[in-house]
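Trainee: Got a structure for you, written out below as structure tokens; questions coming shortly.
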Protein chains: 4
Amino acid sequence: MEKWDGNEGTSAFHMPEWMQIQFADQKQEFNKRPTKIGRRSLSRSISQSSTDSYSSAASYTDSSDDETSPRDKQQKNSKGNSDFCVKNIKQAEFGRREIEIAEQEMPALMALRKRAQGEKPLAGAKIVGCTHITAQTAVLMETLGALGAQCRWAACNIYSTLNEVAAALAENGFPVFAWKGESEDDFWWCIDRCVNVEGWQPNMILDDGGDLTHWIYKKYPNMFKKIKGIVEESVTGVHRLYQLSKAGKLCVPAMNVNDSVTKQKFDNLYCCRESILDGLKRTTDMMFGGKQVVVCGYGEVGKGCCAALKAMGSIVYVTEIDPICALQACMDGFRLVKLNEVIRQVDIVITCTGNKNVVTREHLDRMKNSCIVCNMGHSNTEIDVASLRTPELTWERVRSQVDHVIWPDGKRIVLLAEGRLLNLSCSTVPTFVLSITATTQALALIELYNAPEGRYKQDVYLLPKKMDEYVASLHLPTFDAHLTELTDEQAKYLGLNKNGPFKPNYYRY
Amino acid sequence: MEKWDGNEGTSAFHMPEWMQIQFADQKQEFNKRPTKIGRRSLSRSISQSSTDSYSSAASYTDSSDDETSPRDKQQKNSKGNSDFCVKNIKQAEFGRREIEIAEQEMPALMALRKRAQGEKPLAGAKIVGCTHITAQTAVLMETLGALGAQCRWAACNIYSTLNEVAAALAENGFPVFAWKGESEDDFWWCIDRCVNVEGWQPNMILDDGGDLTHWIYKKYPNMFKKIKGIVEESVTGVHRLYQLSKAGKLCVPAMNVNDSVTKQKFDNLYCCRESILDGLKRTTDMMFGGKQVVVCGYGEVGKGCCAALKAMGSIVYVTEIDPICALQACMDGFRLVKLNEVIRQVDIVITCTGNKNVVTREHLDRMKNSCIVCNMGHSNTEIDVASLRTPELTWERVRSQVDHVIWPDGKRIVLLAEGRLLNLSCSTVPTFVLSITATTQALALIELYNAPEGRYKQDVYLLPKKMDEYVASLHLPTFDAHLTELTDEQAKYLGLNKNGPFKPNYYRY
Amino acid sequence: MEKWDGNEGTSAFHMPEWMQIQFADQKQEFNKRPTKIGRRSLSRSISQSSTDSYSSAASYTDSSDDETSPRDKQQKNSKGNSDFCVKNIKQAEFGRREIEIAEQEMPALMALRKRAQGEKPLAGAKIVGCTHITAQTAVLMETLGALGAQCRWAACNIYSTLNEVAAALAENGFPVFAWKGESEDDFWWCIDRCVNVEGWQPNMILDDGGDLTHWIYKKYPNMFKKIKGIVEESVTGVHRLYQLSKAGKLCVPAMNVNDSVTKQKFDNLYCCRESILDGLKRTTDMMFGGKQVVVCGYGEVGKGCCAALKAMGSIVYVTEIDPICALQACMDGFRLVKLNEVIRQVDIVITCTGNKNVVTREHLDRMKNSCIVCNMGHSNTEIDVASLRTPELTWERVRSQVDHVIWPDGKRIVLLAEGRLLNLSCSTVPTFVLSITATTQALALIELYNAPEGRYKQDVYLLPKKMDEYVASLHLPTFDAHLTELTDEQAKYLGLNKNGPFKPNYYRY
Amino acid sequence: MEKWDGNEGTSAFHMPEWMQIQFADQKQEFNKRPTKIGRRSLSRSISQSSTDSYSSAASYTDSSDDETSPRDKQQKNSKGNSDFCVKNIKQAEFGRREIEIAEQEMPALMALRKRAQGEKPLAGAKIVGCTHITAQTAVLMETLGALGAQCRWAACNIYSTLNEVAAALAENGFPVFAWKGESEDDFWWCIDRCVNVEGWQPNMILDDGGDLTHWIYKKYPNMFKKIKGIVEESVTGVHRLYQLSKAGKLCVPAMNVNDSVTKQKFDNLYCCRESILDGLKRTTDMMFGGKQVVVCGYGEVGKGCCAALKAMGSIVYVTEIDPICALQACMDGFRLVKLNEVIRQVDIVITCTGNKNVVTREHLDRMKNSCIVCNMGHSNTEIDVASLRTPELTWERVRSQVDHVIWPDGKRIVLLAEGRLLNLSCSTVPTFVLSITATTQALALIELYNAPEGRYKQDVYLLPKKMDEYVASLHLPTFDAHLTELTDEQAKYLGLNKNGPFKPNYYRY
């Protein structure tokens, strides 16, 4: 029988299959893409997330279709520095503007910078990072710099780099190695250029997906002697760290910023509430009012999607496997059905399960003409897109990220982003949400870097609840929100410290 | 630094002051009420919850104002049985109708009864219970009977008993000792009559508030030798059990049904979403549209209140001490303020904090004329009602549960339920919500009664998540809701058992 | 001054059958009730609305079941005046408190009183009124008095009078003739006592239902020579006036306050949005979350009901006959169905059509056990309640206004208010809504009384839009709402007068 | 047949200034743009709407920057026909795909086509049209063709033509004269090419903005002898027709399709509810949750904007001049303020008033950094953009349709679409909404073309309500919506025809 905690469970929590088979999958997928010649052979492919299409912001400038590889170019920034590799250093000015826009919606990082004018909590830190290279990451990176750190950076995804932003960072003196459309070989080359530097050795890792961590484990295991900790953001990367930990191979403390409350609620519930509408509009220009929609899965993402569509006048059905979430769906006013019951009548099918083959070929065969199918959940497994690649079906690309799959009788299914994540592929993630994640990353780095010997062992940790609360509090001024303070008497009555933490660990928010 | 679990925290979780001072408080409050002569002296007063006013359903029949104490009456049911003590056995028929109505909305218990036609999982169980005596408890009690148990029952609150329902239970052969308007002495006398019986000794306890448990500890400690376990529902009772456990004095396993997900989400979020409207309407007939409301506290209760009032066209402000909940309030579209900022302009003040003195005399002095003040949170501490009992203010009872407090300048504040819980005092709790709790209690009793030796130690346990999920699944048919089943392949992919549990323990729902 | 825009259309607009057959119907219904002996024979029964059950506020005081008819009592108020006939003059103090509470939510009338301190726009007016006698009407009546008018008043409904309020008015010197539970004979006697007074002749009529107007036409047609106009509030009364006008028999100007925008939107959309929830809760204590509901009719009332239930987590279906309203229902997120399609699955059926036999015996036969059936629309025609009064069905009154109708197989239907209006029978109408109507009535009286000769002919008029806007503006301060004023330049640009009216007559709001 | 209900009123309804000064304004605006040489001098500039930027759908294909004017090209379609003038006939295939996609969401027109297989209600009709040339118009045009009509078409806006769609129409044999980026001279040349054809003379006009009608009045007044009627869609065009009518110069019947219920509710309330979110997201990627927004004007457009933003978690303030709309805003849960009260604190300002200078330079000066300003109302007058074109302010174009206006102290205002209509400039109008308008246009053409002599005089008419209802009913199948039919008995009871119309003319919906 279960006691009130999550620990026991974890030991019995089997590694889900999708973690195990991931690498094979990726290789397959990777092989389907025409890549340039791999210059050296690699022990494994890059992680799936590294190749997910990610169109968050199309390149803003008219990227001249310059065919020369950045690796073959000689570029210097205006101060004569050439320790970087980006598409085109001349795009720096445009990138700088995007960074300035992003700064407006990242008040917490700007507040951290201000406080750092006195003390430099990251003085001496040498951070190697591997994340999406976007305006928001740039604000994070420049904040880390302001806090005293030296940084070297690569991209965690071969498609997601904003070349202008990379240029602006390079112009500002940051050794950045990233461009949009890297080959697999480029990908590892860039990471290596961040790590393998004469006279410079990282003492902190900021990773998103685990590829950077993997590379150091593989190539420079000795570096870990000087490394004080790893901060990891992604589901995938966090799982890898837990695996390492279980296998006894994790040799430094690691901080899981993926599962903090603020990130979970913002990235999933609040962010998806907006991005489902945005993603559907940008791709299909459809009207939501009166449309029948089935949302598969009523976790945080499903809850966000359902709430938004209901508010816009759609009629929403929900499928669930978990009776508790199912009961929540009922109480929130959604009919709980099996997919089969409504598949013939719905106008839109949205998957948010984290599961695989939730929408099968059989379902697709039964959908009505013009039905829109898309995925807001995990990776690209939820819709069995592979089953649609058969000779009797015709694919027609009607817009970017929009395919019509046409049945022999003329029926068309509108498939978005080929079943990949709609919100990453076809909408943008609001800066404000990224701000919360970036602030959490910065605080995690500060905590790990400054923690006294012994506070953290070679294990995976969550950010202390108090720091979660701190991240939240840094974002309240954006909303001109005024927090109430407990009186001494009240704090005593509740048995709480006036400065928090305010809730027991198991609180569900 | 915190690891991913709740355990460590608990050890450092100080007993909140409101737990410690509770007994003194109650005595004070108790003394204010004119009680009949206490026939014997008591070691301590009854718990606060036992005296909370609770009007859930006013007595349905025209209770003739019979002044004779039930203890002095000689009553028999139609089968000649007299092992009970209720107000008036003749009201049984009316009570039976209420029970039948309740059965319609308690499908899960009725389903358990059906399954029990073959096996009797509670055969041999002798359950002594102490809960509110309502139509819904009657359905629970009769279900326990159908499952094979013998039951004896007392009321956990001196006001909440529905006399007709008690009569119906007595008529049906249940030894029930309860009536509306017990004195403190009556209260303990009834409990004693349940426990202290010749030739019958309980082996299970179902408690709500901990008074029954307390009585047995005090008077019949030896009984615990035969008792297989305690099932406790209330916040207060659960805290007492944890205290006993920490002090090493808990001598049987106990099941905390208060903190199960389904109960939390239903009793708080979903139930309060409806009862805030109901309670305000029944007391004030006010219109919600356009009204300015401040809700203190954005936990589950506050979230429910805010959502409902927003939907009805009120303009809602929120106060919070916890920055994470505060950020949720912002994202949900509520201005986060300090109470002082809006106290002059709001039409309604609602407290849902669990804290004390959230609304002070100073706030009350500054409210505008006709402002409505009420409490949806914990006990009666949130509004400093005591501060209003001063000579310069006039109290005028305008309706049941509605007082006008009048300032010298003529300003009136509309105080509901004297600051006690609005939803208990002025609205009814929907049967469906009570069904979830009752089902959880029944399952907890079955689990504890049938658990093999050694599965449970002398500690406080939560219902296993799988049973939580079972409770939820028993309620889905009410909504004609159809759960999806995992395929073998999907279960493998997710690393889950097809029958659940479906989520890690720390999942927030 | 604007005329009834729809008049032209009316020529082609046949008098609906429900207007024609009304009187016969009423007689039938009336005969079903055991009445005391009619003292004189009447040319026709009172209007249907006069006998609708109306429980808006149950009597607040413990009405001693005094069997003496008020007509047989000798009562005087504290000033020795005896020109009134109420249940019990001693209840005046309690009624006064209710009036004072009502004043708080009727800011517009209070504002009119303040302005009237200088001029008395109704000086010389002798108003005879026939409306519901409630605290809100009392505020209206006392406002008319403050504006200079003399008033005499009777009840427009035999059940709706609040005896305490009537007493308070009598105590304050108003000749009021009304009590709860009048017989038909009492009803006309009271009206007659208002009209047929020595030395006093009315010059204005304020009517609600047309019975007063009818009585004067019948008995004292000569009085119309001195009467300056009629203000009529109800649908029924307004239709009667149009009939009179068409027949050339309307001999004074009449003002239709029923169809003003503010009244329509408030009485229907906003008020029903709240009262559907209130009425269902007070009668059934049901939970709305997850319930399946069908709402018949998507006019203003249906829109209000649907919006409220959707917000509370119900799943709502809509039926409609009008394709435009049907399309609105779709865009607002409701599945549009025929009643037959969902009748087996829904938990609640609500009628809001104004039509008859919308819910037939056949539908009732097919509903599932425990289905709740109620009417928010017109009169008591929408549900074919008569069809349920057959020998094989058992009726069980389970609470006030709640009947279980039981089929031979044990299936129960929960019928509310015997198919009469739920919002009138089982919930209260918020004072604020009544305030809008009452203010409109007051302004209509002022306008008709002060209009120069010739402005109004012997026809039915709508309140000028500017006055509608004035009523609205008088209610804005309640919400601390600040209106923007047009600049001269903007007014010129829009071709509008700065003080309104701001919209063309056909504007839909 | 129903006439424009508002006509009578119109006599007292002064022509608003914005109608009078429009032409001057346009000329000014026009002069600011560098146009190619006007080949002939024009009596007046084209209408304002003709030059509004309109990016509804950016050109889908990579329009090679072909500098040759279409007027100078020799093009033929695949059947050798050259009676058209478009950008590039080779883009026809891509345009055809867009038309096919649009057909999916225009079920009503497709239904009309089906019915037309038997009879051809437009046989003999020669329609000259001047509208936006989009995929949706193409569906309309091809439907008119299927109904028997011959069509010639020009664009009503110099920017809005989709070249691919124009090509597809030309390829299908329609004489289309339109391309994106016409000069003013091109604009009139195209219209002339539609009208001035040897051996072909139009007998019906379908206009959007009145420019086509104006041209025929000016150049070919004799044509009106054969013209059976004008169908006009735009606010501007309709006003011009009313002016002509008032001046006694309207020489054929005209149908105002702008003010039909379905168009009003769909184009404004439902469409803006979606497009406000879409337009803000596409331009700024902002997060709505927690943002403070002020919406100026609470008509249908304002209502839609407010509802959408509230649903997404924004805190919304409203300004209004009309007390009735203001009271609606209150009841819907929005604080009613003057712009000045909140201008310093809001994150977004949205105008929907139809007024001018609602947002002044003074307001702009007081906004906080990063405040977003946009217009959803009428034309480009609501925000005083001109006042921002002063030397001390810097303009920075950061994205298409997005300008940063920078104050000397560094404060930036984010101005969208230079104050033009956000929904036209920065989002797309859902096909479904356009379908309703297009169907109304088609029915109006059929009605006017087939009306017996004398049914329509030389005046402006609204579509009969019954046809409005027909348009709505044609769109219900899209939602699988099932209308209920009145029984004979019910129709009689209500005094209605079973087939409608179902409401009096003044019904507000």
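Residues are referred to by chain and number: the chain letter is A, B, ... according to the order shown in the structure tokens, the number counts from 1 in that chain, and ligands are numbered separately from 1 in the order shown.
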Can you pull out the residues contacting A:Pro107? Cut-off 9 Å, using only C-alpha atoms, and skip same-chain residues under 5 positions away; I want them as a list in words.
Mentor: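 So, after excluding close chain neighbours, the residues are Leu112, Phe432, Ser435, Leu474, His475, Pro477 and Thr478 of chain A.
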Trainee: Keeping only C-alpha atoms, write the selected residues as a tab-separated table (two decimals), in the first residue's frame.
Mentor:
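And here's out.tsv as it stands now:
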chain	number	residue	atom	x	y	z
A	112	LEU	CA	18.23	39.39	-12.08
A	432	PHE	CA	6.55	35.10	-21.41
A	435	SER	CA	10.86	33.61	-19.61
A	474	LEU	CA	9.81	37.62	-10.27
A	475	HIS	CA	7.08	37.42	-12.93
A	477	PRO	CA	5.34	42.63	-11.64
A	478	THR	CA	4.58	42.05	-15.31
Trainee: Need the shell around stretch 356-360 of chain B: protein/DNA/RNA residues with any atom at most 7 Å away, counting only C-alpha atoms. Skip same-chain ones fewer than 6 positions apart. Format as a list of chain:residue names?
Mentor: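 Here the answer would be A:Gln490, B:Thr381, B:Glu382, B:Ile383, B:Asp384.
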Trainee: Per DSSP on the backbone, what are the helix (DSSP H, G or I) residues of stretch 368-438 of chain A, as a ChimeraX atom specification?
Mentor: /A:385-388,417-419,422-426,431-438
Trainee: Using only C-alpha atoms, determine which residues of chain D fall within 7 Å of chain B; present them as a tab-separated table (two decimals) with C-alpha atoms, in the first residue's frame.
Mentor:
chain	number	residue	atom	x	y	z
D	289	GLY	CA	-3.10	35.39	-20.13
D	290	GLY	CA	-2.95	38.09	-17.44
D	310	LYS	CA	-11.62	37.29	-21.34
D	313	GLY	CA	-7.33	35.09	-19.38
D	314	SER	CA	-6.92	38.77	-20.14
D	315	ILE	CA	-8.31	41.41	-17.82
D	330	CYS	CA	-21.13	45.69	-16.89
D	331	MET	CA	-23.45	42.70	-16.86
D	332	ASP	CA	-20.97	40.77	-18.99
D	333	GLY	CA	-18.30	41.34	-16.36
D	334	PHE	CA	-16.20	44.18	-17.71
Trainee: Over all C-alpha atoms, paired in order, superpose chain D onto chain A by least squares and report how large the RMSD is in Å.
Mentor: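 That gives an RMSD of 1.8 Å.
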Trainee: In Å, how far is it from atom CA of A:Leu364 to atom CA of D:Phe94?
Mentor: 26.1 Å
Trainee: For a quick check of understanding, using only C-alpha atoms, which of C:Thr213, C:Thr428, C:Thr143, C:Ser78 has the smallest distance to C:Asn172?
Mentor: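 Ranked by minimum distance to C:Asn172, first place goes to C:Ser78.
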Trainee: Let me make sure I understand: among C:Phe266, C:Trp179, C:Trp395, C:Phe84, which one has the smallest atom-to-atom distance to C:Glu418 if we use only C-alpha atoms?
Mentor: C:Trp395
Trainee: So which residues touch D:Ala491 within 10 Å, counting only C-alpha atoms, skipping near sequence neighbours fewer than 5 positions away, as a list in words?
Mentor: Pro16, Glu17, Asn355 and Lys356 of chain C; Glu485, Leu486, Leu496, Asn497, Lys498, Asn499, Gly500 and Phe502 of chain D
Trainee: Could the residues in this selection be written to a file with C-alpha atoms, as a JSON list (two decimals), in the first residue's frame?
Mentor:
[["chain", "number", "residue", "atom", "x", "y", "z"],
["C", 16, "PRO", "CA", -51.54, 34.31, -32.01],
["C", 17, "GLU", "CA", -53.88, 31.62, -30.87],
["C", 355, "ASN", "CA", -44.73, 27.70, -27.62],
["C", 356, "LYS", "CA", -47.07, 24.95, -26.48],
["D", 485, "GLU", "CA", -40.35, 21.89, -37.34],
["D", 486, "LEU", "CA", -43.45, 23.43, -35.88],
["D", 496, "LEU", "CA", -46.86, 31.78, -37.49],
["D", 497, "ASN", "CA", -46.38, 30.19, -40.86],
["D", 498, "LYS", "CA", -44.58, 26.86, -40.43],
["D", 499, "ASN", "CA", -41.92, 27.93, -42.90],
["D", 500, "GLY", "CA", -41.24, 31.28, -41.37],
["D", 502, "PHE", "CA", -40.36, 33.26, -37.37]]
Trainee: Can you pull out every residue from stretch 323-419 of chain A that DSSP, working from the backbone, puts in strand (DSSP E or B), and format the result as a list of chain:residue names?
Mentor: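 So the strand (DSSP E or B) residues in stretch 323-419 of chain A would be A:Arg335, A:Leu336, A:Ile348, A:Val349, A:Ile350, A:Thr351, A:Val359, A:Cys371, A:Ile372, A:Val373, A:Cys374, A:Asn375, A:Ile383, A:Thr394, A:Trp395, A:Glu396, A:Arg397, A:Val398, A:Arg399, A:Val402, A:Asp403, A:His404, A:Val405, A:Ile406, A:Arg412, A:Ile413, A:Val414, A:Leu415, A:Leu416.
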Trainee: Identify, on the basis of only C-alpha atoms, every residue whose closest approach to stretch 153-157 of chain B does not exceed 7 Å; exclude the query and any residue fewer than 2 positions from it along the same chain; express the result as a list of chain:residue names.
Mentor: B:Ser49, B:Ser50, B:Thr51, B:Val128, B:Gly129, B:Cys130, B:Thr131, B:His132, B:Ile133, B:Cys151, B:Tyr159, B:Ser160, B:Thr161, B:Pro175, B:Val176, B:Phe177, B:Ala178, B:Cys190, B:Ile191, B:Cys194, B:Asp208, B:Gly209
Trainee: Save out the residues we just selected, C-alpha atoms, as a PDB file, in the first residue's frame.
Mentor:
ATOM      1  CA  SER B  49     -16.478  20.880  13.529  1.00  0.00           C
ATOM      2  CA  SER B  50     -19.002  19.219  15.778  1.00  0.00           C
ATOM      3  CA  THR B  51     -20.563  22.534  16.570  1.00  0.00           C
ATOM      4  CA  VAL B 128     -18.992   2.012  14.532  1.00  0.00           C
ATOM      5  CA  GLY B 129     -19.503   5.296  12.734  1.00  0.00           C
ATOM      6  CA  CYS B 130     -19.668   8.950  13.611  1.00  0.00           C
ATOM      7  CA  THR B 131     -20.586  11.220  10.715  1.00  0.00           C
ATOM      8  CA  HIS B 132     -23.174  13.737   9.639  1.00  0.00           C
ATOM      9  CA  ILE B 133     -26.510  11.920   9.541  1.00  0.00           C
ATOM     10  CA  CYS B 151     -23.174  -0.808  11.965  1.00  0.00           C
ATOM     11  CA  TYR B 159     -26.802  20.433  14.435  1.00  0.00           C
ATOM     12  CA  SER B 160     -26.512  18.515  11.192  1.00  0.00           C
ATOM     13  CA  THR B 161     -28.677  15.459  11.786  1.00  0.00           C
ATOM     14  CA  PRO B 175     -28.959   1.436  15.750  1.00  0.00           C
ATOM     15  CA  VAL B 176     -28.723   5.176  15.215  1.00  0.00           C
ATOM     16  CA  PHE B 177     -28.205   7.650  18.049  1.00  0.00           C
ATOM     17  CA  ALA B 178     -28.593  11.172  16.785  1.00  0.00           C
ATOM     18  CA  CYS B 190     -24.831   9.126  21.706  1.00  0.00           C
ATOM     19  CA  ILE B 191     -21.275   8.149  20.859  1.00  0.00           C
ATOM     20  CA  CYS B 194     -22.726   3.222  19.865  1.00  0.00           C
ATOM     21  CA  ASP B 208     -15.436  12.339  10.661  1.00  0.00           C
ATOM     22  CA  GLY B 209     -13.690  14.814  12.934  1.00  0.00           C
TER      23      GLY B 209
END
Trainee: For D:Gln117, which residue among D:Ala102, D:Gly377, D:Arg282, D:Ala146 is the nearest when counting only C-alpha atoms?
Mentor: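 Of D:Ala102, D:Gly377, D:Arg282, D:Ala146, the one nearest D:Gln117 is D:Ala146, counting only C-alpha atoms.
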Trainee: Do you have the atom CA of C:Thr262-atom CA of D:Gly354 distance handy?
Mentor: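 About the pair atom CA of C:Thr262 and atom CA of D:Gly354: they are 22.8 Å apart.
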Trainee: Excluding same-chain residues fewer than 4 positions from B:Phe224, what lies within 9 Å of it counting only C-alpha atoms, as a count of residues only?
Mentor: 9
